[in-house]
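Undergrad: Pasting run-v9.cif here (mmCIF, C-alpha atoms and all ligand atoms):
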data_structure
#
loop_
_atom_site.label_atom_id
_atom_site.label_comp_id
_atom_site.auth_asym_id
_atom_site.auth_seq_id
_atom_site.Cartn_x
_atom_site.Cartn_y
_atom_site.Cartn_z
CA GLU Z 1 0.00 0.00 0.00
CA SER Z 2 1.28 3.43 -0.91
CA ALA Z 3 1.81 6.13 1.68
CA ALA Z 4 -0.55 8.39 -0.24
CA GLY Z 5 -3.27 5.76 -0.02
CA GLU Z 6 -2.93 5.57 3.75
CA ARG Z 7 -2.95 9.29 4.33
CA GLU Z 8 -6.36 10.58 5.36
CA ALA Z 9 -7.31 13.48 3.10
CA VAL Z 10 -8.44 16.38 5.27
CA PRO Z 11 -11.75 17.76 3.99
CA ALA Z 12 -11.68 21.38 2.82
CA ILE Z 13 -14.89 21.99 4.76
CA SER Z 14 -16.58 19.80 7.28
CA LEU Z 15 -19.77 20.18 9.24
CA GLU Z 16 -20.31 17.94 12.23
CA GLY Z 17 -23.79 17.87 13.73
CA VAL Z 18 -24.36 21.47 12.72
CA ALA Z 19 -27.74 22.93 13.67
CA LYS Z 20 -29.28 26.37 13.71
CA THR Z 21 -32.40 27.55 15.45
CA TYR Z 22 -33.43 31.16 14.99
CA ARG Z 23 -35.23 32.79 17.90
CA THR Z 24 -37.27 35.92 17.42
CA GLY Z 25 -39.22 36.85 20.53
CA GLN Z 26 -41.39 33.87 21.47
CA GLU Z 27 -40.98 32.11 18.15
CA SER Z 28 -38.22 29.72 17.19
CA VAL Z 29 -37.52 28.30 13.75
CA THR Z 30 -35.15 25.39 13.26
CA ALA Z 31 -33.54 26.22 9.91
CA VAL Z 32 -30.89 23.47 10.02
CA SER Z 33 -31.05 20.33 12.13
CA GLY Z 34 -27.95 18.22 12.53
CA VAL Z 35 -26.08 18.38 9.21
CA ASP Z 36 -22.93 16.28 8.70
CA LEU Z 37 -20.93 16.98 5.55
CA ALA Z 38 -17.33 16.56 4.39
CA ILE Z 39 -16.45 18.58 1.29
CA GLU Z 40 -13.21 17.58 -0.45
CA PRO Z 41 -10.52 20.02 -1.58
CA GLY Z 42 -11.10 21.15 -5.18
CA GLU Z 43 -14.63 19.80 -5.24
CA PHE Z 44 -17.59 21.57 -6.87
CA PHE Z 45 -20.19 20.86 -4.21
CA SER Z 46 -23.84 21.96 -4.31
CA LEU Z 47 -26.46 22.39 -1.63
CA LEU Z 48 -29.73 21.82 -3.45
CA GLY Z 49 -33.26 22.08 -2.14
CA PRO Z 50 -36.53 24.00 -2.18
CA SER Z 51 -36.98 27.46 -0.73
CA GLY Z 52 -36.66 27.49 3.05
CA CYS Z 53 -34.87 24.11 3.38
CA GLY Z 54 -31.87 25.72 5.11
CA LYS Z 55 -29.30 26.01 2.28
CA THR Z 56 -28.44 29.66 2.85
CA THR Z 57 -28.26 29.22 6.61
CA THR Z 58 -25.86 26.30 6.17
CA MET Z 59 -23.68 28.39 3.86
CA ARG Z 60 -23.72 31.39 6.20
CA MET Z 61 -22.49 29.15 9.02
CA VAL Z 62 -19.56 28.05 6.84
CA ALA Z 63 -18.77 31.70 6.07
CA GLY Z 64 -19.16 32.69 9.72
CA PHE Z 65 -22.06 35.11 9.28
CA GLU Z 66 -24.25 32.87 11.39
CA GLU Z 67 -23.28 31.06 14.58
CA PRO Z 68 -24.45 27.44 14.85
CA THR Z 69 -26.73 26.54 17.75
CA ALA Z 70 -24.94 23.20 17.88
CA GLY Z 71 -22.10 21.39 16.13
CA THR Z 72 -18.69 22.16 14.69
CA VAL Z 73 -17.55 23.82 11.47
CA ARG Z 74 -14.03 22.99 10.26
CA LEU Z 75 -11.99 24.49 7.45
CA ALA Z 76 -9.06 22.28 6.39
CA GLY Z 77 -9.41 20.45 9.69
CA ARG Z 78 -9.29 23.55 11.89
CA ASP Z 79 -12.26 24.25 14.16
CA VAL Z 80 -13.52 27.70 13.08
CA THR Z 81 -16.91 27.57 14.80
CA ASP Z 82 -16.03 30.65 16.87
CA VAL Z 83 -13.81 32.38 14.29
CA PRO Z 84 -15.22 35.60 12.72
CA PRO Z 85 -15.85 35.68 8.92
CA ASN Z 86 -12.89 37.93 8.09
CA ARG Z 87 -10.51 35.42 9.66
CA ARG Z 88 -11.86 32.43 7.74
CA ASP Z 89 -10.10 31.49 4.54
CA VAL Z 90 -13.32 31.53 2.48
CA ASN Z 91 -15.08 34.11 0.36
CA MET Z 92 -18.72 34.42 -0.58
CA VAL Z 93 -20.51 35.53 -3.77
CA PHE Z 94 -24.16 36.55 -3.64
CA GLN Z 95 -26.95 36.91 -6.16
CA SER Z 96 -26.75 40.70 -5.82
CA TYR Z 97 -23.18 41.36 -6.83
CA ALA Z 98 -22.97 44.73 -4.99
CA LEU Z 99 -20.18 46.23 -7.07
CA PHE Z 100 -19.13 49.82 -6.36
CA PRO Z 101 -20.88 51.70 -9.19
CA HIS Z 102 -18.50 54.69 -9.30
CA MET Z 103 -15.35 52.54 -9.45
CA SER Z 104 -13.85 50.95 -12.55
CA ILE Z 105 -14.02 47.17 -12.96
CA ALA Z 106 -10.29 46.93 -12.19
CA ASN Z 107 -10.66 48.97 -9.00
CA ASN Z 108 -13.65 46.90 -7.90
CA VAL Z 109 -11.53 43.76 -8.19
CA ALA Z 110 -8.51 45.45 -6.57
CA PHE Z 111 -10.44 46.85 -3.61
CA GLY Z 112 -9.87 44.01 -1.13
CA LEU Z 113 -6.19 43.63 -1.99
CA ARG Z 114 -5.54 47.37 -1.56
CA ARG Z 115 -7.27 47.32 1.82
CA LYS Z 116 -5.00 44.50 2.89
CA GLY Z 117 -2.01 46.65 1.89
CA VAL Z 118 -0.82 44.42 -0.96
CA ALA Z 119 1.90 46.21 -3.01
CA ASP Z 120 0.73 48.09 -6.09
CA GLY Z 121 2.59 46.03 -8.69
CA GLU Z 122 1.25 42.82 -7.18
CA VAL Z 123 -2.31 44.22 -7.12
CA LYS Z 124 -2.09 45.15 -10.83
CA ARG Z 125 -0.73 41.75 -11.77
CA ARG Z 126 -3.36 39.82 -9.85
CA VAL Z 127 -6.26 41.97 -11.02
CA ALA Z 128 -5.17 41.55 -14.65
CA GLU Z 129 -4.87 37.79 -14.14
CA MET Z 130 -8.36 37.58 -12.62
CA LEU Z 131 -9.96 39.69 -15.36
CA GLU Z 132 -8.37 37.39 -17.94
CA LEU Z 133 -9.76 34.40 -16.08
CA VAL Z 134 -13.31 35.75 -16.28
CA GLU Z 135 -12.73 36.97 -19.85
CA LEU Z 136 -13.14 40.67 -19.09
CA GLY Z 137 -9.54 41.76 -19.71
CA ASP Z 138 -10.72 44.40 -22.18
CA ARG Z 139 -13.26 45.90 -19.75
CA ALA Z 140 -10.90 46.90 -16.94
CA LYS Z 141 -11.62 50.63 -17.28
CA HIS Z 142 -15.40 50.32 -17.66
CA LYS Z 143 -17.86 51.06 -14.86
CA PRO Z 144 -20.21 48.29 -13.66
CA GLY Z 145 -23.22 50.09 -15.18
CA GLN Z 146 -21.70 49.62 -18.64
CA LEU Z 147 -21.66 45.82 -18.29
CA SER Z 148 -24.41 43.22 -18.70
CA GLY Z 149 -25.73 41.27 -15.70
CA GLY Z 150 -23.65 38.24 -16.60
CA GLN Z 151 -20.51 40.35 -16.95
CA GLN Z 152 -21.15 42.06 -13.62
CA GLN Z 153 -21.50 38.67 -11.98
CA ARG Z 154 -18.13 37.68 -13.47
CA VAL Z 155 -16.60 40.83 -11.94
CA ALA Z 156 -18.04 39.80 -8.58
CA LEU Z 157 -16.46 36.38 -9.08
CA ALA Z 158 -13.08 37.91 -9.94
CA ARG Z 159 -13.32 40.11 -6.85
CA ALA Z 160 -14.02 37.09 -4.67
CA LEU Z 161 -11.23 34.99 -6.19
CA VAL Z 162 -8.50 37.63 -6.22
CA ASN Z 163 -7.79 37.04 -2.52
CA ARG Z 164 -7.12 33.39 -3.34
CA PRO Z 165 -9.46 31.97 -0.72
CA SER Z 166 -9.19 28.22 -0.25
CA ALA Z 167 -12.95 27.93 -0.77
CA LEU Z 168 -15.55 30.03 -2.52
CA LEU Z 169 -19.17 30.00 -1.37
CA LEU Z 170 -21.75 30.96 -3.97
CA ASP Z 171 -25.35 31.65 -2.95
CA GLU Z 172 -27.67 31.47 -5.99
CA PRO Z 173 -25.17 33.63 -7.90
CA LEU Z 174 -26.99 33.26 -11.22
CA GLY Z 175 -30.51 33.76 -9.85
CA ALA Z 176 -30.90 37.23 -11.36
CA LEU Z 177 -29.94 36.19 -14.90
CA ASP Z 178 -32.28 35.04 -17.65
CA LEU Z 179 -32.27 31.36 -18.62
CA LYS Z 180 -29.93 31.52 -21.63
CA LEU Z 181 -27.35 33.61 -19.84
CA ARG Z 182 -27.65 31.45 -16.75
CA GLN Z 183 -26.89 28.32 -18.74
CA ALA Z 184 -23.87 29.97 -20.38
CA MET Z 185 -22.64 31.13 -16.97
CA GLN Z 186 -23.03 27.63 -15.50
CA LEU Z 187 -20.47 26.31 -17.97
CA GLU Z 188 -18.31 29.38 -17.43
CA LEU Z 189 -18.32 28.92 -13.64
CA LYS Z 190 -17.40 25.28 -14.03
CA ARG Z 191 -14.49 26.18 -16.33
CA ILE Z 192 -13.24 28.83 -13.88
CA GLN Z 193 -13.49 26.42 -10.97
CA ARG Z 194 -11.45 23.83 -12.88
CA GLU Z 195 -8.82 26.42 -13.76
CA VAL Z 196 -8.37 27.82 -10.24
CA GLY Z 197 -8.81 24.40 -8.65
CA ILE Z 198 -10.34 25.69 -5.42
CA THR Z 199 -13.33 24.29 -3.57
CA PHE Z 200 -16.66 25.75 -4.66
CA VAL Z 201 -19.78 25.38 -2.54
CA TYR Z 202 -22.83 26.33 -4.52
CA VAL Z 203 -26.34 26.99 -3.21
CA THR Z 204 -29.24 26.55 -5.61
CA HIS Z 205 -32.88 25.51 -5.74
CA ASP Z 206 -32.46 24.67 -9.45
CA GLN Z 207 -31.88 20.94 -9.92
CA GLY Z 208 -30.74 21.31 -13.53
CA GLU Z 209 -28.08 23.75 -12.43
CA ALA Z 210 -26.85 21.47 -9.67
CA LEU Z 211 -26.77 18.41 -11.96
CA THR Z 212 -24.84 20.32 -14.65
CA MET Z 213 -22.10 21.75 -12.48
CA SER Z 214 -21.52 19.63 -9.41
CA ASP Z 215 -19.09 16.88 -8.54
CA ARG Z 216 -21.40 16.05 -5.63
CA ILE Z 217 -24.75 17.33 -4.44
CA ALA Z 218 -26.35 17.39 -0.98
CA VAL Z 219 -30.12 17.45 -1.43
CA MET Z 220 -31.67 19.26 1.54
CA ASN Z 221 -35.22 19.16 2.81
CA LYS Z 222 -36.57 20.73 5.99
CA GLY Z 223 -33.16 21.53 7.44
CA ALA Z 224 -31.61 18.10 6.85
CA VAL Z 225 -29.59 16.39 4.12
CA GLU Z 226 -31.82 13.77 2.46
CA GLN Z 227 -29.23 12.44 0.04
CA LEU Z 228 -25.57 13.04 -0.73
CA GLY Z 229 -24.04 11.82 -3.96
CA THR Z 230 -22.88 12.46 -7.50
CA PRO Z 231 -25.41 13.91 -9.94
CA ALA Z 232 -25.81 10.48 -11.56
CA GLU Z 233 -26.34 8.70 -8.23
CA ILE Z 234 -28.95 11.21 -7.15
CA TYR Z 235 -30.74 11.20 -10.46
CA GLU Z 236 -30.65 7.47 -11.07
CA ARG Z 237 -31.05 6.21 -7.52
CA PRO Z 238 -33.07 8.71 -5.52
CA ALA Z 239 -32.92 7.59 -1.90
CA THR Z 240 -36.23 9.05 -0.81
CA ARG Z 241 -39.60 9.94 -2.21
CA PHE Z 242 -38.74 13.60 -1.73
CA VAL Z 243 -35.53 13.33 -3.79
CA ALA Z 244 -37.31 11.31 -6.49
CA GLY Z 245 -39.89 14.06 -6.80
CA PHE Z 246 -37.52 17.00 -6.54
CA ILE Z 247 -34.85 15.89 -9.02
CA GLY Z 248 -36.23 15.62 -12.53
CA THR Z 249 -39.52 13.81 -13.11
CA SER Z 250 -40.21 10.46 -11.50
CA ASN Z 251 -43.09 8.08 -11.96
CA ILE Z 252 -44.02 6.43 -8.69
CA LEU Z 253 -46.10 3.24 -8.61
CA THR Z 254 -47.55 1.87 -5.41
CA GLY Z 255 -48.85 -1.57 -4.60
CA PRO Z 256 -48.47 -4.79 -2.61
CA VAL Z 257 -45.55 -7.12 -3.30
CA THR Z 258 -46.35 -10.50 -4.91
CA GLY Z 259 -43.77 -13.30 -5.00
CA THR Z 260 -40.27 -13.09 -3.56
CA GLY Z 261 -36.64 -12.79 -4.69
CA GLU Z 262 -36.15 -12.83 -8.45
CA ARG Z 263 -39.88 -13.18 -9.01
CA ALA Z 264 -40.99 -10.27 -6.81
CA ARG Z 265 -43.36 -7.83 -8.49
CA ILE Z 266 -46.37 -5.64 -8.07
CA ASP Z 267 -49.10 -7.47 -9.94
CA PHE Z 268 -51.91 -5.45 -11.47
CA GLY Z 269 -53.62 -8.45 -13.09
CA GLU Z 270 -54.26 -9.34 -16.74
CA GLY Z 271 -50.55 -9.48 -17.55
CA ARG Z 272 -49.75 -6.08 -16.10
CA HIS Z 273 -46.94 -6.00 -13.55
CA VAL Z 274 -43.87 -4.13 -12.32
CA HIS Z 275 -40.85 -6.28 -11.52
CA VAL Z 276 -38.97 -5.25 -8.37
CA ARG Z 277 -35.97 -6.25 -6.31
CA THR Z 278 -36.96 -5.95 -2.72
CA ASP Z 279 -36.57 -7.50 0.71
CA ALA Z 280 -40.17 -6.61 1.47
CA ALA Z 281 -42.47 -9.45 2.55
CA GLU Z 282 -45.40 -10.61 0.42
CA GLY Z 283 -48.29 -8.22 0.78
CA ASP Z 284 -46.20 -5.22 1.93
CA ARG Z 285 -47.08 -2.04 0.12
CA ILE Z 286 -44.09 -0.49 -1.61
CA ASP Z 287 -43.31 2.56 -3.78
CA VAL Z 288 -41.43 1.93 -7.01
CA THR Z 289 -39.93 4.61 -9.26
CA VAL Z 290 -39.14 4.68 -12.96
CA ARG Z 291 -37.78 7.67 -14.91
CA PRO Z 292 -39.84 8.92 -17.90
CA GLU Z 293 -36.99 8.37 -20.38
CA LYS Z 294 -36.77 4.67 -19.42
CA VAL Z 295 -40.38 3.93 -20.33
CA HIS Z 296 -41.22 2.72 -23.83
CA LEU Z 297 -44.59 3.23 -25.35
CA GLY Z 298 -46.17 1.21 -28.15
CA SER Z 299 -49.15 -0.73 -29.39
CA ALA Z 300 -47.63 -4.24 -29.36
CA GLU Z 301 -47.75 -6.36 -26.19
CA PRO Z 302 -44.27 -6.26 -24.59
CA ASP Z 303 -42.33 -9.29 -23.37
CA ALA Z 304 -43.54 -10.46 -19.94
CA GLU Z 305 -39.94 -10.27 -18.65
CA LEU Z 306 -40.34 -6.49 -18.83
CA SER Z 307 -42.33 -4.36 -16.44
CA ARG Z 308 -45.47 -3.56 -18.36
CA LEU Z 309 -48.68 -1.61 -17.93
CA ARG Z 310 -51.59 -0.61 -20.13
CA GLY Z 311 -53.07 2.86 -20.39
CA THR Z 312 -54.72 5.61 -22.37
CA VAL Z 313 -52.78 8.60 -23.62
CA ARG Z 314 -54.13 11.76 -22.01
CA GLU Z 315 -51.62 14.29 -23.32
CA VAL Z 316 -49.00 14.50 -26.08
CA VAL Z 317 -46.51 17.38 -26.08
CA TYR Z 318 -44.22 17.57 -29.09
CA LEU Z 319 -40.95 19.35 -28.23
CA GLY Z 320 -38.92 18.83 -31.39
CA SER Z 321 -36.11 16.62 -30.18
CA ALA Z 322 -38.48 14.72 -27.88
CA THR Z 323 -42.15 14.06 -27.27
CA HIS Z 324 -43.65 13.88 -23.78
CA TYR Z 325 -46.68 11.69 -23.15
CA THR Z 326 -48.91 11.53 -20.11
CA VAL Z 327 -50.64 8.18 -19.83
CA ASP Z 328 -53.44 7.23 -17.43
CA THR Z 329 -52.93 3.56 -16.62
CA ALA Z 330 -55.72 1.10 -16.06
CA ASP Z 331 -54.62 1.03 -12.39
CA GLY Z 332 -55.16 4.72 -11.75
CA THR Z 333 -51.52 5.81 -11.88
CA GLU Z 334 -50.32 8.59 -14.14
CA ILE Z 335 -47.14 7.70 -16.04
CA VAL Z 336 -45.05 10.27 -17.88
CA VAL Z 337 -43.00 9.06 -20.85
CA PHE Z 338 -40.19 11.00 -22.56
CA GLN Z 339 -39.52 9.71 -26.05
CA GLN Z 340 -36.43 10.87 -28.01
CA ASN Z 341 -37.45 11.66 -31.59
CA ALA Z 342 -35.31 10.16 -34.32
CA SER Z 343 -35.38 12.36 -37.41
CA GLY Z 344 -38.50 11.87 -39.48
CA ALA Z 345 -40.25 9.63 -36.95
CA GLY Z 346 -43.63 10.97 -35.89
CA ASN Z 347 -45.33 10.62 -32.53
CA LEU Z 348 -45.76 7.03 -31.42
CA ALA Z 349 -49.31 7.54 -30.19
CA GLU Z 350 -52.07 10.09 -30.31
CA ARG Z 351 -54.23 11.53 -27.57
CA GLY Z 352 -56.91 9.02 -26.57
CA GLY Z 353 -54.93 6.06 -27.92
CA ASP Z 354 -54.63 2.81 -25.95
CA VAL Z 355 -50.99 1.85 -25.43
CA TRP Z 356 -48.66 -0.54 -23.67
CA LEU Z 357 -45.92 0.88 -21.47
CA SER Z 358 -42.81 -1.16 -20.72
CA TRP Z 359 -39.37 -0.86 -19.16
CA ARG Z 360 -36.46 -3.01 -18.09
CA PRO Z 361 -36.75 -4.47 -14.57
CA ASP Z 362 -33.46 -2.86 -13.53
CA HIS Z 363 -34.82 0.59 -14.35
CA SER Z 364 -37.17 0.51 -11.35
CA TYR Z 365 -36.09 1.26 -7.80
CA VAL Z 366 -37.97 0.60 -4.62
CA LEU Z 367 -38.05 3.71 -2.43
CA PRO Z 368 -37.25 3.06 1.21
CA GLY Z 369 -40.08 3.29 3.75
CA ARG Z 370 -43.52 4.46 2.77
CA SER Z 371 -44.10 8.07 3.72
P1 LIG H 1 -34.20 30.17 0.00
O1 LIG H 1 -33.85 29.35 -1.19
O2 LIG H 1 -35.61 30.66 -0.03
O3 LIG H 1 -33.20 31.22 0.32
P2 LIG H 1 -33.02 28.44 1.98
O4 LIG H 1 -33.08 27.00 1.68
O5 LIG H 1 -31.75 29.15 1.71
O6 LIG H 1 -34.20 29.17 1.24
P3 LIG H 1 -32.83 29.53 4.63
O7 LIG H 1 -32.73 30.92 4.12
O8 LIG H 1 -31.61 28.92 5.18
O9 LIG H 1 -33.41 28.58 3.49
O10 LIG H 1 -33.99 29.48 5.70
C1 LIG H 1 -34.36 28.33 6.40
C2 LIG H 1 -35.46 28.66 7.40
O11 LIG H 1 -34.98 29.54 8.40
C3 LIG H 1 -36.67 29.34 6.78
O12 LIG H 1 -37.83 28.85 7.41
C4 LIG H 1 -36.46 30.79 7.11
O13 LIG H 1 -37.68 31.48 7.20
C5 LIG H 1 -35.74 30.74 8.45
N1 LIG H 1 -34.81 31.86 8.65
C6 LIG H 1 -33.76 32.18 7.85
N2 LIG H 1 -33.11 33.26 8.34
C7 LIG H 1 -33.75 33.65 9.44
C8 LIG H 1 -33.56 34.71 10.41
N3 LIG H 1 -32.55 35.55 10.31
N4 LIG H 1 -34.44 34.78 11.42
C9 LIG H 1 -35.46 33.90 11.54
N5 LIG H 1 -35.70 32.90 10.68
C10 LIG H 1 -34.86 32.76 9.65
#
What do you get writing this file as structure tokens?

TA:
Amino acid sequence: ESAAGEREAVPAISLEGVAKTYRTGQESVTAVSGVDLAIEPGEFFSLLGPSGCGKTTTMRMVAGFEEPTAGTVRLAGRDVTDVPPNRRDVNMVFQSYALFPHMSIANNVAFGLRRKGVADGEVKRRVAEMLELVELGDRAKHKPGQLSGGQQQRVALARALVNRPSALLLDEPLGALDLKLRQAMQLELKRIQREVGITFVYVTHDQGEALTMSDRIAVMNKGAVEQLGTPAEIYERPATRFVAGFIGTSNILTGPVTGTGERARIDFGEGRHVHVRTDAAEGDRIDVTVRPEKVHLGSAEPDAELSRLRGTVREVVYLGSATHYTVDTADGTEIVVFQQNASGAGNLAERGGDVWLSWRPDHSYVLPGRS
């Protein structure tokens, strides 16, 4: 075994049992309840969840703007729970970039370095380097008001990176941009993160954004982490009903288990069934998921080795590269199907048509515990 293999990598950021309860007068709100996370150096890590789930509060505790009610925050192994924000080696970027409007772009970026008393030549060199990084080298003398929203956000990023923090915290930084610009900036942010190689922690409620950019994602719900994993793990194997519903579109089928082991399934009668792999006992009600792009739709009866259901097409939405179908099954479940469109092929079914739905047994997952 190599020495490197034995060495424990120290996480860039770790949270151990971190909780936060806000008290205002008589009221108390638990924003974060017992979060454990270890974020690796150089990782692009996202906190993803719906509004109010505690993402921002978690981030503010890492930055030091908020003091945890319980637990420990560590940066590179050092306990910083009681260390003020300006003495933590992290920087934060917000949705509102708050640039100084009367200062040039270069001076906005230079501001923090000058305040720290960094020598003039060094300031110039680092500012130029940062403006190159965010592809605004030719805008150094402009004022923020002369730049687009996306460009201003890149200035804010340059300003946050120029101090060379060991981690950058970004709280919905693209929230104010329109969709096209946001998508372009997602790729841009990812490129910049790769180039500078520092840890990024990214807060978003947008699952597409988190899936596109992250090495790993923590999906939060009601102040707790519901699932932690790579985008593919979270998308393909949602651990809870909440995650299945929040990330992308999931079909969820419910019913009692028939048979055991290899032959376990939910049986809907008349040749309709969903194969499952489960430890559940016969008769237990379970929830099974299948993603819309895994479901095939057609008129011919599928092989019985496949999971298969019958239904009536309620809605057909043609989107160019794909068609989305909503099918009401004979068992009262609504199943959404995403069909990729090969060139020239028309829709596979029309509204009101009776169809078979089928998918491979290994494309279904049993969700833990009924909720
Ligand atoms: P959003 O995406 O809407 O910003 P979030 O996931 O970032 O949501 P938080 O801002 O962390 O969530 O808020 C979590 C909970 O804590 C919410 O119920 C919120 O109302 C509450 N909360 C946040 N800040 C405070 C505060 N300063 N005082 C009291 N309650 C607060």

Undergrad: Do you know which residues are at most 10 Å from range 357-364 of chain Z counting all atoms listed in the file, after dropping those on the same chain fewer than 6 positions away, and could you put them as a ChimeraX atom specification?

TA: /Z:236-237,251-253,265,272-277,287-311,327,329,335,337

Undergrad: Give me the residues near Thr260 in chain Z as a list of chain:residue names, where near means some atom within 10 Å (using all atoms listed in the file) and where sequence neighbours in that chain fewer than 2 positions away do not count.

TA: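 Returned residues: Z:Val257, Z:Thr258, Z:Glu262, Z:Arg263, Z:Ala264, Z:Arg265, Z:Val276, Z:Arg277, Z:Thr278, Z:Asp279, Z:Ala280, Z:Ala281, Z:Glu282.
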
Undergrad: Name the residues, by chain letter and number, that sit within 9 Å of ligand LIG 1 (chain H) using only C-alpha atoms and all ligand atoms, and give them as an NGL selection string.

TA: :Z and (20-24 or 27-32 or 47-60 or 66 or 171-172 or 203-205 or 220-223)

Undergrad: Could you tell me which of Z:Glu16, Z:Asp328, Z:Glu270, Z:Glu43 comes closest to Lys190 in chain Z if we count all atoms listed in the file?

TA: Z:Glu43

Undergrad: Range 170-180 of chain Z, all listed atoms, 8 Å padding on each side: what axis-aligned box centre and edge lengths in Å to one decimal come out, as lines of an AutoDock Vina configuration file?

TA:
center_x = -27.0
center_y = 34.1
center_z = -12.3
size_x = 26.5
size_y = 22.3
size_z = 34.7

Undergrad: Determine the nearest neighbour of Thr326 in chain Z from the options Z:Thr249, Z:Ser104, Z:Thr72, Z:Thr254, counting only C-alpha atoms.

TA: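 Closest to Thr326 in chain Z, using only C-alpha atoms: Z:Thr249.
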
Undergrad: What separation in Å, quoted to one decimal, exists between CA of Gly245 in chain Z and CA of Ala349 in chain Z?

TA: 26.0 Å

Undergrad: Nearest to Leu367 in chain Z among Z:Val243, Z:Val313, Z:Leu136, Z:Val355, with distances taken over all atoms listed in the file: which residue is it?

TA: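 For Leu367 in chain Z, the nearest of the candidates is Z:Val243.
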
Undergrad: What is the CA of Gln227 in chain Z-CA of Thr240 in chain Z distance in Å, reported with one decimal?

TA: 7.8 Å

Undergrad: Could you check which of Z:Phe44, Z:Ser33, Z:Gly175, Z:Phe94 is closest to Ala210 in chain Z, using only C-alpha atoms?

TA: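 The closest residue to Ala210 in chain Z is Z:Phe44.
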
Undergrad: CA of Pro256 in chain Z to CA of Glu226 in chain Z: how many Å, to one decimal?

TA: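 Computing it gives 25.4 Å between the two atoms.
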
Undergrad: Out of Z:Arg114, Z:Pro68, Z:Ala160, Z:Pro368, which residue has the shortest atom-to-atom distance to Pro238 in chain Z when counting only C-alpha atoms?

TA: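 Using only C-alpha atoms, Pro238 in chain Z sits closest to Z:Pro368.
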
Undergrad: Of the candidates Z:Trp356, Z:Ala12, Z:Arg115, Z:Ala244, which shows the shortest atom-to-atom distance to Arg74 in chain Z, using all atoms listed in the file?

TA: Z:Ala12

Undergrad: Which residues are near Asn341 in chain Z? Cut-off 10 Å, all atoms listed in the file, ignore same chain within fewer than 6 positions. Put them as a list in words.

TA: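 Once the nearby chain positions are removed, what remains is Tyr318, Leu319, Gly320, Ser321, Ala322, Thr323, Asn347 and Leu348 of chain Z.
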
Undergrad: Using the selection just defined, write its residues with C-alpha atoms as a PDB file, in the frame of the given file.

TA:
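The file below, out26.pdb, is the result:
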ATOM      1  CA  TYR Z 318     -44.220  17.570 -29.090  1.00  0.00           C
ATOM      2  CA  LEU Z 319     -40.950  19.350 -28.230  1.00  0.00           C
ATOM      3  CA  GLY Z 320     -38.920  18.830 -31.390  1.00  0.00           C
ATOM      4  CA  SER Z 321     -36.110  16.620 -30.180  1.00  0.00           C
ATOM      5  CA  ALA Z 322     -38.480  14.720 -27.880  1.00  0.00           C
ATOM      6  CA  THR Z 323     -42.150  14.060 -27.270  1.00  0.00           C
ATOM      7  CA  ASN Z 347     -45.330  10.620 -32.530  1.00  0.00           C
ATOM      8  CA  LEU Z 348     -45.760   7.030 -31.420  1.00  0.00           C
TER       9      LEU Z 348
END
